[in-house]
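Asker: Have a look at the structure that comes next, please.
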Amino acid sequence: MTSPFAESAPSRTRLWWEIAIVLALGLGQSAIYAIVQLAYRLTDDTPLADQTATLNPSRSDREIFDLIYQVLSIGFSLVPVLLVCFLLWQSSRPHLGRLGLDGTKTASDIGRGVLLVAVIGIPGLGLYLAGRALGLFVAVNPAGLDAHWWTVPILLLAAARAALQEEFVVLGYLFARLRQLGWSPWTIIITTSLLRASYHLYQGPGAFIGNLAMGLLFGWLFQRSGRLMPFLVAHFLIDATVFVGYPWAASAFPALFGLPD
């Protein structure tokens, strides 16, 4: 079905309001909080290198309520994804074509996503370790949950949530809407990369640099291919590996991955 709020040629003012609302519901809000949190960290007495950011913290000291809160948090954070699907849904197939999803070439898209993991993941790990040594990153604990039967499934869902929320909005939605506003390809790529980098600032200045580089690469490739699936796959696999594999890495290589005392 076509969105009852959609227009064949929405005005520029309407598009700007729509973009502002979508971002305020998710990633734009996260970017503002991340900037404030970075300012807090930089003005704190504790050096940046001795601070910690926990990405998936426990939400209750009672196991069943921790699980409930985790599921609710993941579910509600996907509302902006549903919203952009609603806004850009087309009555004819492919329904989500404007978001870069057409349901074809799935196997090749997954293969490209796996290849991107190697291209992004290995240099990203090197940047994090170098940034830790230089004091540009806080110590990132991707898996702050206690060990329960549901811990790994929740961490995998959290990885899927991050992939869906970021790539649907940053690549799929913003590229579509900013093109409608007449922006040039590289203006879109740079702007969306700056947004991606900004909402990771809570991890320190190094995270801004790393995610800016990732955003530029993702944006350039998406501009060329117009296919969203490889980036969803790559983002999920990178986050899933980090979230689930971190406890082992921190215990096996405490000097590199361990949290500060």
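We label chains A, B, ... in the order they appear in the structure tokens, count residues from 1 in each chain, and number ligands from 1 in the order shown.
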Pull the closest atom pair for each residue of segment 176-219 of chain A that gets at most 12 Å from segment 159-166 of chain A, along with the distance in Å to one decimal, counting only C-alpha atoms, ordering rows by chain and then ascending residue number, as JSON lines.

Answerer:
```
{"residue": "A:Thr192", "atom": "CA", "partner": "A:Glu166", "partner_atom": "CA", "distance": 10.4}
{"residue": "A:Ser193", "atom": "CA", "partner": "A:Glu166", "partner_atom": "CA", "distance": 11.1}
{"residue": "A:Leu195", "atom": "CA", "partner": "A:Glu166", "partner_atom": "CA", "distance": 10.2}
{"residue": "A:Arg196", "atom": "CA", "partner": "A:Glu166", "partner_atom": "CA", "distance": 7.9}
{"residue": "A:Ala197", "atom": "CA", "partner": "A:Glu166", "partner_atom": "CA", "distance": 11.3}
{"residue": "A:Tyr199", "atom": "CA", "partner": "A:Glu166", "partner_atom": "CA", "distance": 10.2}
{"residue": "A:His200", "atom": "CA", "partner": "A:Glu166", "partner_atom": "CA", "distance": 11.5}
{"residue": "A:Asn211", "atom": "CA", "partner": "A:Glu166", "partner_atom": "CA", "distance": 11.8}
{"residue": "A:Gly215", "atom": "CA", "partner": "A:Glu166", "partner_atom": "CA", "distance": 10.5}
{"residue": "A:Phe218", "atom": "CA", "partner": "A:Glu166", "partner_atom": "CA", "distance": 11.5}
```

Asker: For Val138 of chain A, list every protein, DNA or RNA residue within 7 Å, evaluated using only C-alpha atoms, and leave out those in the same chain fewer than 2 positions away; present the list as a PyMOL selection string.

Answerer: chain A and resi 48-53+132+136+140+203-204

Asker: Output C-alpha atoms for every residue in that selection, as a PDB file, in the first residue's frame.

Answerer:
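The resulting again-v3.pdb:
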```pdb
ATOM      1  CA  LEU A  48      40.194   9.364  28.366  1.00  0.00           C
ATOM      2  CA  ALA A  49      42.275   6.190  28.033  1.00  0.00           C
ATOM      3  CA  ASP A  50      41.199   5.106  31.544  1.00  0.00           C
ATOM      4  CA  GLN A  51      37.474   5.522  30.886  1.00  0.00           C
ATOM      5  CA  THR A  52      35.091   2.806  29.713  1.00  0.00           C
ATOM      6  CA  ALA A  53      32.074   2.707  27.382  1.00  0.00           C
ATOM      7  CA  ARG A 132      43.926   3.040  22.746  1.00  0.00           C
ATOM      8  CA  LEU A 136      42.106   8.549  21.590  1.00  0.00           C
ATOM      9  CA  VAL A 140      35.024  -0.200  24.778  1.00  0.00           C
ATOM     10  CA  GLN A 203      33.862   6.210  22.322  1.00  0.00           C
ATOM     11  CA  GLY A 204      36.400   8.993  21.894  1.00  0.00           C
TER      12      GLY A 204
END
```

Asker: Could you give me, as an MDAnalysis selection string, the residues within 8 Å of Leu145 of chain A, counting only C-alpha atoms and dropping anything in the same chain fewer than 4 positions from it?

Answerer: chainID A and resid 56:58 151

Asker: Those residues with N, CA, C and O atoms, as a PDB file, in the first residue's frame please?

Answerer:
```pdb
ATOM      1  N   ASN A  56      26.504  -2.742  25.516  1.00  0.00           N
ATOM      2  CA  ASN A  56      25.293  -3.536  25.780  1.00  0.00           C
ATOM      3  C   ASN A  56      25.204  -3.846  27.271  1.00  0.00           C
ATOM      4  O   ASN A  56      25.426  -4.976  27.704  1.00  0.00           O
ATOM      5  N   PRO A  57      24.874  -2.834  28.069  1.00  0.00           N
ATOM      6  CA  PRO A  57      24.888  -3.027  29.522  1.00  0.00           C
ATOM      7  C   PRO A  57      23.694  -3.837  30.013  1.00  0.00           C
ATOM      8  O   PRO A  57      22.647  -3.910  29.359  1.00  0.00           O
ATOM      9  N   SER A  58      23.866  -4.434  31.171  1.00  0.00           N
ATOM     10  CA  SER A  58      22.742  -5.072  31.846  1.00  0.00           C
ATOM     11  C   SER A  58      21.771  -3.990  32.282  1.00  0.00           C
ATOM     12  O   SER A  58      22.172  -2.882  32.656  1.00  0.00           O
ATOM     13  N   THR A 151      22.176 -14.597  26.650  1.00  0.00           N
ATOM     14  CA  THR A 151      23.136 -13.518  26.411  1.00  0.00           C
ATOM     15  C   THR A 151      23.574 -13.447  24.951  1.00  0.00           C
ATOM     16  O   THR A 151      23.524 -12.385  24.321  1.00  0.00           O
TER      17      THR A 151
END
```

Asker: Pick out the closest residue to Thr187 of chain A from this set: A:Gly124, A:Gly75, A:Gly219, A:Pro205. Count only C-alpha atoms.

Answerer: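 Of all the options, A:Gly219 lies closest to Thr187 of chain A.
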
Asker: List the neighbours of Gly126 of chain A out to 12 Å using only C-alpha atoms; skip same-chain residues closer than 5 positions along the sequence, and give me the result as a list in words.

Answerer: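 Skipping anything fewer than 5 positions along the chain leaves Val119, Ile120, Gly121, Gly131, Arg132, Ala133, Gly206, Gly210, Leu256 and Phe257 of chain A.
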
Asker: Using Å and a single decimal, report how far atom CA of Pro153 of chain A sits from atom CA of Phe65 of chain A.

Answerer: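 Result for atom CA of Phe65 of chain A versus atom CA of Pro153 of chain A: 15.8 Å, one decimal.
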
Asker: For a test of reading the model, state the distance in Å between atom CA of Leu201 of chain A and atom CA of Leu82 of chain A, rounded to one decimal.

Answerer: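 Rounded to one decimal, the two atoms are 25.6 Å apart.
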
Asker: Do you have, as JSON lines, the list of residues of segment 58-130 of chain A lying at most 12 Å from segment 27-40 of chain A, each with its nearest atom pair and that distance in Å to one decimal, counting only C-alpha atoms and ordered by chain then number?

Answerer:
```
{"residue": "A:Ser77", "atom": "CA", "partner": "A:Leu27", "partner_atom": "CA", "distance": 9.9}
{"residue": "A:Leu78", "atom": "CA", "partner": "A:Leu27", "partner_atom": "CA", "distance": 11.0}
{"residue": "A:Val79", "atom": "CA", "partner": "A:Leu27", "partner_atom": "CA", "distance": 11.6}
{"residue": "A:Pro80", "atom": "CA", "partner": "A:Leu27", "partner_atom": "CA", "distance": 8.9}
{"residue": "A:Val81", "atom": "CA", "partner": "A:Leu27", "partner_atom": "CA", "distance": 10.8}
```

Asker: Nearest residue to Val242 of chain A out of A:Leu155, A:Leu134, A:Ile21, A:Leu115, using only C-alpha atoms?

Answerer: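 Ranked by minimum distance to Val242 of chain A, first place goes to A:Leu155.
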
Asker: Between atom CA of Arg14 of chain A and atom CA of Val170 of chain A, measure the distance and give it in Å to one decimal.

Answerer: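 Straight-line distance from atom CA of Arg14 of chain A to atom CA of Val170 of chain A works out to 18.8 Å.
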
Asker: Quick one: residues within 6 Å of segment 231-233 of chain A, only C-alpha atoms, excluding same-chain residues fewer than 2 positions away - as a list of chain:residue names?

Answerer: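 Within the cut-off, the hits are A:Gly113, A:Ala163, A:Leu228, A:Met229, A:His235, A:Phe236.
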
Asker: Got time to write the residues from that selection, N, CA and C atoms, as a PDB file, in the first residue's frame?

Answerer:
```
ATOM      1  N   GLY A 113      29.116  -8.505   1.201  1.00  0.00           N
ATOM      2  CA  GLY A 113      29.106  -8.101   2.610  1.00  0.00           C
ATOM      3  C   GLY A 113      30.208  -8.782   3.393  1.00  0.00           C
ATOM      4  N   ALA A 163      22.892  -2.774  12.739  1.00  0.00           N
ATOM      5  CA  ALA A 163      23.019  -2.817  11.284  1.00  0.00           C
ATOM      6  C   ALA A 163      21.783  -2.253  10.607  1.00  0.00           C
ATOM      7  N   LEU A 228      21.661  -2.131  -0.780  1.00  0.00           N
ATOM      8  CA  LEU A 228      21.847  -1.969   0.657  1.00  0.00           C
ATOM      9  C   LEU A 228      22.293  -3.254   1.356  1.00  0.00           C
ATOM     10  N   MET A 229      21.916  -4.410   0.814  1.00  0.00           N
ATOM     11  CA  MET A 229      22.142  -5.666   1.507  1.00  0.00           C
ATOM     12  C   MET A 229      23.598  -5.923   1.889  1.00  0.00           C
ATOM     13  N   HIS A 235      27.865  -4.937   8.339  1.00  0.00           N
ATOM     14  CA  HIS A 235      27.694  -4.291   9.637  1.00  0.00           C
ATOM     15  C   HIS A 235      27.290  -5.316  10.691  1.00  0.00           C
ATOM     16  N   PHE A 236      26.360  -6.201  10.338  1.00  0.00           N
ATOM     17  CA  PHE A 236      25.932  -7.218  11.296  1.00  0.00           C
ATOM     18  C   PHE A 236      27.086  -8.140  11.673  1.00  0.00           C
TER      19      PHE A 236
END
```

Asker: Could you give me, as a ChimeraX atom specification, the residues within 10 Å of Ile19 of chain A, counting only C-alpha atoms and dropping anything in the same chain fewer than 2 positions from it?

Answerer: /A:13-17,21-24,28,84,169,173-174,177-178

Asker: Please run DSSP on the backbone and report, as a PyMOL selection string, all residues within segment 2-243 of chain A that come out as alpha helix (DSSP H).

Answerer: chain A and resi 12-24+27-42+63-77+79-88+106-134+151-166+174-180+185-198+205-225+229-243

Asker: What's the 9 Å shell around Leu67 of chain A, counting only C-alpha atoms, without same-chain residues fewer than 3 positions away, as a PyMOL selection string?

Answerer: chain A and resi 58-60+62-64+70-72+150-151+154

Asker: Would you output that residue set with N, CA and C atoms, as an mmCIF file, in the first residue's frame?

Answerer:
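Resulting contents of selection30.cif:
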```cif
data_model
loop_
_atom_site.group_PDB
_atom_site.id
_atom_site.type_symbol
_atom_site.label_atom_id
_atom_site.label_comp_id
_atom_site.auth_asym_id
_atom_site.auth_seq_id
_atom_site.Cartn_x
_atom_site.Cartn_y
_atom_site.Cartn_z
ATOM 1 N N SER A 58 23.866 -4.434 31.171
ATOM 2 C CA SER A 58 22.742 -5.072 31.846
ATOM 3 C C SER A 58 21.771 -3.990 32.282
ATOM 4 N N ARG A 59 20.476 -4.285 32.244
ATOM 5 C CA ARG A 59 19.461 -3.289 32.558
ATOM 6 C C ARG A 59 18.696 -3.609 33.838
ATOM 7 N N SER A 60 19.006 -4.727 34.474
ATOM 8 C CA SER A 60 18.362 -5.089 35.736
ATOM 9 C C SER A 60 19.213 -6.140 36.428
ATOM 10 N N ARG A 62 17.837 -8.446 38.050
ATOM 11 C CA ARG A 62 16.974 -9.637 38.028
ATOM 12 C C ARG A 62 16.928 -10.154 36.593
ATOM 13 N N GLU A 63 17.325 -11.407 36.407
ATOM 14 C CA GLU A 63 17.562 -11.947 35.073
ATOM 15 C C GLU A 63 16.368 -11.795 34.140
ATOM 16 N N ILE A 64 15.181 -12.157 34.576
ATOM 17 C CA ILE A 64 14.024 -12.131 33.691
ATOM 18 C C ILE A 64 13.697 -10.707 33.255
ATOM 19 N N GLN A 70 15.943 -5.798 27.663
ATOM 20 C CA GLN A 70 16.795 -5.898 26.476
ATOM 21 C C GLN A 70 15.945 -6.035 25.213
ATOM 22 N N VAL A 71 14.956 -6.922 25.254
ATOM 23 C CA VAL A 71 14.100 -7.144 24.089
ATOM 24 C C VAL A 71 13.305 -5.878 23.755
ATOM 25 N N LEU A 72 12.752 -5.230 24.785
ATOM 26 C CA LEU A 72 11.997 -4.000 24.546
ATOM 27 C C LEU A 72 12.879 -2.910 23.950
ATOM 28 N N TRP A 150 20.451 -16.571 27.487
ATOM 29 C CA TRP A 150 19.995 -15.705 26.402
ATOM 30 C C TRP A 150 21.011 -14.629 26.024
ATOM 31 N N THR A 151 22.176 -14.597 26.650
ATOM 32 C CA THR A 151 23.136 -13.518 26.411
ATOM 33 C C THR A 151 23.574 -13.447 24.951
ATOM 34 N N ILE A 154 20.783 -12.312 22.530
ATOM 35 C CA ILE A 154 20.511 -10.884 22.676
ATOM 36 C C ILE A 154 21.617 -10.052 22.039
#
```
